[in-house]
Amino acid sequence: MTAPSTEVLRVTRLSAGYGPLTVLHDLDFTVHAGERIGLVGLNGHGKSTLFRAISGLTDWQRGSIQLSGHEIGGTRSQGAGRNTHRIVRLGLAHMPQGDAIFPGLSVAQHLDCGAYTRQAWRERMQRRDAVLKIFPPLSKLLDAPVGKLSGGERRMVSLARGLMVDAVLYLVDEPSLGLAPKISRGVMDALMRVDLRGGAMVIAEQNMSLLEGRCNRILGMHAGQLKGSA
Ligand SMILES: Nc1ncnc2c1ncn2[C@@H]1O[C@H](COP(=O)(O)OP(=O)(O)OP(=O)(O)O)[C@@H](O)[C@H]1O
């Protein structure tokens, strides 16, 4: 697979952490349009923190993060979440680790929640049809409260909600976490069906075998630094 050359994300000398803890150390990372990148690493080495720094959700960060050419990092502490809504409007979709669902809301309501930008809200019915093609089992569950679904179905809801916007960059944090191997493979195959339309996807995983053969590149995260050609 050849990687196209348009840059979706350019991270330069990024350090980030929580209070006195520095998790990411001077990290460089570039993502091109059309790429699916796998990020592997053991627990606690900083995969989620990289995603949170891109989303503006770490306590502090230093260095540059450019999303489609817009600077979203800055050089000083921004305060967790202060700019996240702006970053989302610039085209970021972050599917966090754990499902972050609302047990009493239905599948359809979760999908509507994901249509966060004005354009996505206007197009939410078409977007819903598109995500239901990616996750067909959800079609029959639209009115079901998400708290009653199986673990695999909840994961599909959580990912489908993230796909309700036409993002330039999808960050997917451990989609297989807590799922049986067969269901994990199904979820990963579904993510491969997402039409990136000039955007890109980064998938953090502990299970390397789920990324192999599915991603254009696989990078290793170790002690807050990326190994491989970042
Ligand atoms: N909100 C937080 N406050 C303080 N420390 C945190 C916070 N979130 C993560 N950490 C710490 O940052 C380090 C990196 O955690 P991170 O979640 O980024 O790792 P990870 O590679 O994604 O692993 P995991 O699969 O467990 O999420 C760990 O030492 C963790 O304890």
# chains A, B, ... in the order shown; residues from 1 in each chain; ligands from 1
>>> residues_near_ligand(ligand="ligand 1", cutoff="8 Å", atoms="only C-alpha atoms and all ligand atoms", output="list in words")
Gly17, Tyr18, Gly19, Leu21, Thr22, Val23, Gly41, Leu42, Asn43, Gly44, His45, Gly46, Lys47, Ser48, Thr49, Leu50, Thr58, Asp59, Gln97, Asp173, Glu174, Ala204, Glu205, Gln206, Met221 and Gly224 of chain A
>>> write_last_selection(atoms="N, CA and C atoms", output="compact mmCIF listing (two decimals), in the first residue's frame")
# COMPACT_ATOMS: atom_id res chain seq x y z
N GLY A 17 1.54 15.92 29.58
CA GLY A 17 1.36 15.10 30.78
C GLY A 17 0.28 15.64 31.69
N TYR A 18 0.37 15.19 32.92
CA TYR A 18 -0.64 15.50 33.94
C TYR A 18 0.11 16.01 35.16
N GLY A 19 -0.17 17.22 35.61
CA GLY A 19 0.52 17.77 36.78
C GLY A 19 2.03 17.64 36.61
N LEU A 21 3.70 14.98 36.11
CA LEU A 21 4.07 13.79 35.32
C LEU A 21 4.19 14.13 33.84
N THR A 22 5.39 13.90 33.27
CA THR A 22 5.56 14.06 31.81
C THR A 22 5.42 12.68 31.18
N VAL A 23 4.40 12.51 30.32
CA VAL A 23 4.15 11.21 29.70
C VAL A 23 4.76 11.16 28.30
N GLY A 41 1.50 -0.56 21.89
CA GLY A 41 2.31 -0.27 23.07
C GLY A 41 1.63 -0.85 24.29
N LEU A 42 2.43 -1.14 25.29
CA LEU A 42 1.88 -1.71 26.51
C LEU A 42 1.11 -0.64 27.28
N ASN A 43 0.33 -1.10 28.23
CA ASN A 43 -0.39 -0.21 29.15
C ASN A 43 0.50 0.87 29.72
N GLY A 44 0.02 2.07 29.72
CA GLY A 44 0.70 3.13 30.47
C GLY A 44 1.86 3.78 29.73
N HIS A 45 2.08 3.43 28.44
CA HIS A 45 3.23 4.03 27.74
C HIS A 45 2.87 5.31 26.99
N GLY A 46 1.59 5.66 26.96
CA GLY A 46 1.26 6.99 26.45
C GLY A 46 0.38 7.06 25.21
N LYS A 47 -0.19 5.94 24.79
CA LYS A 47 -1.04 5.98 23.57
C LYS A 47 -2.25 6.90 23.79
N SER A 48 -2.95 6.65 24.89
CA SER A 48 -4.14 7.49 25.14
C SER A 48 -3.74 8.94 25.37
N THR A 49 -2.59 9.14 25.98
CA THR A 49 -2.16 10.51 26.25
C THR A 49 -1.87 11.24 24.94
N LEU A 50 -1.31 10.53 23.95
CA LEU A 50 -1.08 11.17 22.65
C LEU A 50 -2.43 11.60 22.06
N THR A 58 -5.12 16.86 27.72
CA THR A 58 -4.14 16.62 28.78
C THR A 58 -4.08 17.85 29.68
N ASP A 59 -3.52 17.70 30.86
CA ASP A 59 -3.38 18.86 31.77
C ASP A 59 -2.54 19.96 31.12
N GLN A 97 -11.00 5.42 24.92
CA GLN A 97 -10.96 4.07 25.48
C GLN A 97 -12.15 3.88 26.45
N ASP A 173 -9.26 4.64 20.20
CA ASP A 173 -8.44 4.16 21.32
C ASP A 173 -8.89 2.77 21.78
N GLU A 174 -8.06 1.78 21.51
CA GLU A 174 -8.26 0.38 21.93
C GLU A 174 -9.67 -0.15 21.66
N ALA A 204 -5.16 2.94 18.27
CA ALA A 204 -4.27 2.47 19.33
C ALA A 204 -4.73 1.08 19.76
N GLU A 205 -3.80 0.18 19.92
CA GLU A 205 -4.13 -1.21 20.27
C GLU A 205 -2.98 -1.83 21.05
N GLN A 206 -3.33 -2.74 21.93
CA GLN A 206 -2.26 -3.53 22.55
C GLN A 206 -2.02 -4.80 21.76
N MET A 221 4.63 2.64 20.60
CA MET A 221 4.74 3.69 21.62
C MET A 221 5.46 3.09 22.81
N GLY A 224 6.55 6.98 26.16
CA GLY A 224 6.23 8.33 25.70
C GLY A 224 6.91 8.76 24.43
>>> select_by_dssp(residues="region 36-138 of chain A", states="strand (DSSP E)", output="ChimeraX atom specification")
/A:36-40,60-67,70-71,92-95
>>> write_last_selection(atoms="N, CA and C atoms", output="PDB file, in the first residue's frame")
ATOM      1  N   ARG A  36      -4.259   4.558   7.351  1.00  0.00           N
ATOM      2  CA  ARG A  36      -4.706   3.964   8.617  1.00  0.00           C
ATOM      3  C   ARG A  36      -3.429   3.556   9.335  1.00  0.00           C
ATOM      4  N   ILE A  37      -3.228   4.140  10.502  1.00  0.00           N
ATOM      5  CA  ILE A  37      -1.989   3.882  11.240  1.00  0.00           C
ATOM      6  C   ILE A  37      -2.321   3.146  12.531  1.00  0.00           C
ATOM      7  N   GLY A  38      -1.563   2.114  12.806  1.00  0.00           N
ATOM      8  CA  GLY A  38      -1.712   1.395  14.067  1.00  0.00           C
ATOM      9  C   GLY A  38      -0.675   1.891  15.057  1.00  0.00           C
ATOM     10  N   LEU A  39      -1.108   2.021  16.301  1.00  0.00           N
ATOM     11  CA  LEU A  39      -0.215   2.482  17.375  1.00  0.00           C
ATOM     12  C   LEU A  39      -0.229   1.386  18.431  1.00  0.00           C
ATOM     13  N   VAL A  40       0.899   0.690  18.578  1.00  0.00           N
ATOM     14  CA  VAL A  40       0.921  -0.384  19.582  1.00  0.00           C
ATOM     15  C   VAL A  40       1.778   0.020  20.763  1.00  0.00           C
ATOM     16  N   TRP A  60      -1.456  19.514  30.465  1.00  0.00           N
ATOM     17  CA  TRP A  60      -0.572  20.501  29.838  1.00  0.00           C
ATOM     18  C   TRP A  60       0.120  19.848  28.634  1.00  0.00           C
ATOM     19  N   GLN A  61       0.580  20.688  27.741  1.00  0.00           N
ATOM     20  CA  GLN A  61       1.324  20.184  26.589  1.00  0.00           C
ATOM     21  C   GLN A  61       2.205  21.292  26.025  1.00  0.00           C
ATOM     22  N   ARG A  62       3.308  20.876  25.400  1.00  0.00           N
ATOM     23  CA  ARG A  62       4.232  21.801  24.741  1.00  0.00           C
ATOM     24  C   ARG A  62       4.533  21.245  23.367  1.00  0.00           C
ATOM     25  N   GLY A  63       4.794  22.122  22.417  1.00  0.00           N
ATOM     26  CA  GLY A  63       5.126  21.656  21.075  1.00  0.00           C
ATOM     27  C   GLY A  63       4.003  21.993  20.124  1.00  0.00           C
ATOM     28  N   SER A  64       4.178  21.585  18.871  1.00  0.00           N
ATOM     29  CA  SER A  64       3.214  21.974  17.841  1.00  0.00           C
ATOM     30  C   SER A  64       2.382  20.767  17.395  1.00  0.00           C
ATOM     31  N   ILE A  65       1.069  21.016  17.208  1.00  0.00           N
ATOM     32  CA  ILE A  65       0.183  19.996  16.621  1.00  0.00           C
ATOM     33  C   ILE A  65      -0.596  20.710  15.527  1.00  0.00           C
ATOM     34  N   GLN A  66      -0.401  20.296  14.278  1.00  0.00           N
ATOM     35  CA  GLN A  66      -1.146  20.912  13.181  1.00  0.00           C
ATOM     36  C   GLN A  66      -2.123  19.917  12.608  1.00  0.00           C
ATOM     37  N   LEU A  67      -3.410  20.309  12.624  1.00  0.00           N
ATOM     38  CA  LEU A  67      -4.466  19.477  12.044  1.00  0.00           C
ATOM     39  C   LEU A  67      -4.917  20.175  10.764  1.00  0.00           C
ATOM     40  N   HIS A  70      -3.889  23.724  10.563  1.00  0.00           N
ATOM     41  CA  HIS A  70      -4.264  24.642  11.655  1.00  0.00           C
ATOM     42  C   HIS A  70      -3.501  24.252  12.922  1.00  0.00           C
ATOM     43  N   GLU A  71      -2.903  25.235  13.559  1.00  0.00           N
ATOM     44  CA  GLU A  71      -2.188  24.944  14.809  1.00  0.00           C
ATOM     45  C   GLU A  71      -3.208  24.719  15.932  1.00  0.00           C
ATOM     46  N   LEU A  92     -11.699  16.731  13.966  1.00  0.00           N
ATOM     47  CA  LEU A  92     -11.193  15.612  14.763  1.00  0.00           C
ATOM     48  C   LEU A  92     -12.349  14.792  15.329  1.00  0.00           C
ATOM     49  N   ALA A  93     -12.241  13.464  15.230  1.00  0.00           N
ATOM     50  CA  ALA A  93     -13.179  12.574  15.930  1.00  0.00           C
ATOM     51  C   ALA A  93     -12.342  11.656  16.817  1.00  0.00           C
ATOM     52  N   HIS A  94     -12.588  11.701  18.108  1.00  0.00           N
ATOM     53  CA  HIS A  94     -11.807  10.927  19.081  1.00  0.00           C
ATOM     54  C   HIS A  94     -12.742   9.907  19.724  1.00  0.00           C
ATOM     55  N   MET A  95     -12.475   8.633  19.473  1.00  0.00           N
ATOM     56  CA  MET A  95     -13.272   7.579  20.113  1.00  0.00           C
ATOM     57  C   MET A  95     -12.446   7.078  21.293  1.00  0.00           C
TER      58      MET A  95
END
>>> select_by_dssp(residues="region 101-177 of chain A", states="alpha helix (DSSP H)", output="number ranges by chain")
A: 107-114, 118-122, 124-134, 151-162
>>> write_last_selection(atoms="C-alpha atoms", output="mmCIF file, in the first residue's frame")
data_model
loop_
_atom_site.group_PDB
_atom_site.id
_atom_site.type_symbol
_atom_site.label_atom_id
_atom_site.label_comp_id
_atom_site.auth_asym_id
_atom_site.auth_seq_id
_atom_site.Cartn_x
_atom_site.Cartn_y
_atom_site.Cartn_z
ATOM 1 C CA VAL A 107 -28.638 3.830 20.051
ATOM 2 C CA ALA A 108 -30.285 6.475 17.827
ATOM 3 C CA GLN A 109 -29.759 9.154 20.495
ATOM 4 C CA HIS A 110 -26.077 8.218 20.762
ATOM 5 C CA LEU A 111 -25.688 8.563 17.008
ATOM 6 C CA ASP A 112 -27.355 11.988 17.128
ATOM 7 C CA CYS A 113 -24.933 13.028 19.903
ATOM 8 C CA GLY A 114 -22.068 12.249 17.536
ATOM 9 C CA ARG A 118 -23.576 21.891 12.136
ATOM 10 C CA GLN A 119 -22.984 20.094 8.883
ATOM 11 C CA ALA A 120 -23.097 16.664 10.520
ATOM 12 C CA TRP A 121 -26.369 17.592 12.258
ATOM 13 C CA ARG A 122 -27.923 18.697 8.969
ATOM 14 C CA ARG A 124 -27.478 13.204 10.325
ATOM 15 C CA MET A 125 -29.999 10.910 8.607
ATOM 16 C CA GLN A 126 -27.647 10.221 5.686
ATOM 17 C CA ARG A 127 -24.726 9.860 8.091
ATOM 18 C CA ARG A 128 -26.758 7.419 10.167
ATOM 19 C CA ASP A 129 -27.435 5.285 7.080
ATOM 20 C CA ALA A 130 -23.725 5.300 6.275
ATOM 21 C CA VAL A 131 -22.638 4.198 9.777
ATOM 22 C CA LEU A 132 -25.334 1.506 9.900
ATOM 23 C CA LYS A 133 -23.794 0.031 6.729
ATOM 24 C CA ILE A 134 -20.511 -0.178 8.628
ATOM 25 C CA GLY A 151 -20.193 -5.418 25.194
ATOM 26 C CA GLY A 152 -19.625 -5.814 21.452
ATOM 27 C CA GLU A 153 -22.798 -3.903 20.591
ATOM 28 C CA ARG A 154 -21.880 -1.093 22.995
ATOM 29 C CA ARG A 155 -18.461 -0.813 21.365
ATOM 30 C CA MET A 156 -20.154 -0.543 17.971
ATOM 31 C CA VAL A 157 -22.373 2.261 19.294
ATOM 32 C CA SER A 158 -19.392 4.097 20.708
ATOM 33 C CA LEU A 159 -17.462 3.852 17.430
ATOM 34 C CA ALA A 160 -20.518 4.587 15.276
ATOM 35 C CA ARG A 161 -21.141 7.769 17.303
ATOM 36 C CA GLY A 162 -17.578 8.884 16.524
#
>>> closest_residue(among="A:Ala180, A:Leu169, A:Leu27, A:Val11", to="Ala223 (chain A)", atoms="only C-alpha atoms")
A:Leu27
>>> residues_around(residues="Leu226 (chain A)", least_positions_apart="6", cutoff="8 Å", atoms="only C-alpha atoms", output="list in words")
Leu27, Asp28, Phe29, Leu219 and Gly220 of chain A
>>> write_last_selection(atoms="C-alpha atoms", output="short mmCIF file (atom, residue, chain, number, x, y, z; two decimals), in the first residue's frame")
data_model
loop_
_atom_site.label_atom_id
_atom_site.label_comp_id
_atom_site.auth_asym_id
_atom_site.auth_seq_id
_atom_site.Cartn_x
_atom_site.Cartn_y
_atom_site.Cartn_z
CA LEU A 27 7.45 13.30 20.12
CA ASP A 28 7.19 13.77 16.34
CA PHE A 29 4.35 12.20 14.37
CA LEU A 219 4.23 2.46 15.11
CA GLY A 220 5.29 1.46 18.59
#
>>> closest_residue(among="A:Arg185, A:Arg82, A:Arg10, A:Arg89", to="Glu212 (chain A)", atoms="only C-alpha atoms")
A:Arg185
>>> residues_around(residues="Gly199 (chain A)", least_positions_apart="5", cutoff="10 Å", atoms="only C-alpha atoms", output="MDAnalysis selection string")
chainID A and resid 6:9 31:36 68 91:92 166:170
>>> write_last_selection(atoms="N, CA and C atoms", output="PDB file, in the first residue's frame")
ATOM      1  N   THR A   6      -0.624  14.059   1.148  1.00  0.00           N
ATOM      2  CA  THR A   6      -1.192  15.217   1.838  1.00  0.00           C
ATOM      3  C   THR A   6      -1.168  15.003   3.347  1.00  0.00           C
ATOM      4  N   GLU A   7      -0.664  16.005   4.064  1.00  0.00           N
ATOM      5  CA  GLU A   7      -0.578  15.861   5.522  1.00  0.00           C
ATOM      6  C   GLU A   7      -1.902  16.203   6.190  1.00  0.00           C
ATOM      7  N   VAL A   8      -2.384  15.306   7.030  1.00  0.00           N
ATOM      8  CA  VAL A   8      -3.572  15.571   7.828  1.00  0.00           C
ATOM      9  C   VAL A   8      -3.138  16.071   9.209  1.00  0.00           C
ATOM     10  N   LEU A   9      -2.110  15.450   9.738  1.00  0.00           N
ATOM     11  CA  LEU A   9      -1.629  15.793  11.083  1.00  0.00           C
ATOM     12  C   LEU A   9      -0.111  15.884  11.081  1.00  0.00           C
ATOM     13  N   VAL A  31       0.794  12.200   9.977  1.00  0.00           N
ATOM     14  CA  VAL A  31      -0.225  11.321   9.397  1.00  0.00           C
ATOM     15  C   VAL A  31      -0.647  11.911   8.050  1.00  0.00           C
ATOM     16  N   HIS A  32      -0.685  11.069   7.026  1.00  0.00           N
ATOM     17  CA  HIS A  32      -1.068  11.525   5.687  1.00  0.00           C
ATOM     18  C   HIS A  32      -2.496  11.112   5.345  1.00  0.00           C
ATOM     19  N   ALA A  33      -3.093  11.862   4.445  1.00  0.00           N
ATOM     20  CA  ALA A  33      -4.459  11.548   3.993  1.00  0.00           C
ATOM     21  C   ALA A  33      -4.520  10.121   3.456  1.00  0.00           C
ATOM     22  N   GLY A  34      -5.574   9.432   3.816  1.00  0.00           N
ATOM     23  CA  GLY A  34      -5.787   8.080   3.314  1.00  0.00           C
ATOM     24  C   GLY A  34      -5.137   6.990   4.152  1.00  0.00           C
ATOM     25  N   GLU A  35      -4.312   7.392   5.125  1.00  0.00           N
ATOM     26  CA  GLU A  35      -3.611   6.384   5.916  1.00  0.00           C
ATOM     27  C   GLU A  35      -4.461   5.849   7.065  1.00  0.00           C
ATOM     28  N   ARG A  36      -4.259   4.558   7.351  1.00  0.00           N
ATOM     29  CA  ARG A  36      -4.706   3.964   8.617  1.00  0.00           C
ATOM     30  C   ARG A  36      -3.429   3.556   9.335  1.00  0.00           C
ATOM     31  N   SER A  68      -4.726  19.530   9.633  1.00  0.00           N
ATOM     32  CA  SER A  68      -5.007  20.140   8.317  1.00  0.00           C
ATOM     33  C   SER A  68      -4.407  21.540   8.224  1.00  0.00           C
ATOM     34  N   GLY A  91     -12.250  19.103  12.536  1.00  0.00           N
ATOM     35  CA  GLY A  91     -12.269  17.803  11.858  1.00  0.00           C
ATOM     36  C   GLY A  91     -11.686  16.648  12.641  1.00  0.00           C
ATOM     37  N   LEU A  92     -11.699  16.731  13.966  1.00  0.00           N
ATOM     38  CA  LEU A  92     -11.193  15.612  14.763  1.00  0.00           C
ATOM     39  C   LEU A  92     -12.349  14.792  15.329  1.00  0.00           C
ATOM     40  N   ASP A 166     -17.952  13.823   9.589  1.00  0.00           N
ATOM     41  CA  ASP A 166     -17.018  13.572   8.502  1.00  0.00           C
ATOM     42  C   ASP A 166     -15.672  14.137   8.934  1.00  0.00           C
ATOM     43  N   ALA A 167     -14.907  13.375   9.698  1.00  0.00           N
ATOM     44  CA  ALA A 167     -13.678  13.938  10.272  1.00  0.00           C
ATOM     45  C   ALA A 167     -12.513  13.833   9.290  1.00  0.00           C
ATOM     46  N   VAL A 168     -11.515  14.696   9.484  1.00  0.00           N
ATOM     47  CA  VAL A 168     -10.277  14.512   8.719  1.00  0.00           C
ATOM     48  C   VAL A 168      -9.357  13.554   9.467  1.00  0.00           C
ATOM     49  N   LEU A 169      -9.561  13.431  10.781  1.00  0.00           N
ATOM     50  CA  LEU A 169      -8.721  12.512  11.554  1.00  0.00           C
ATOM     51  C   LEU A 169      -9.568  11.805  12.598  1.00  0.00           C
ATOM     52  N   TYR A 170      -9.589  10.479  12.515  1.00  0.00           N
ATOM     53  CA  TYR A 170     -10.282   9.652  13.508  1.00  0.00           C
ATOM     54  C   TYR A 170      -9.222   9.032  14.425  1.00  0.00           C
TER      55      TYR A 170
END
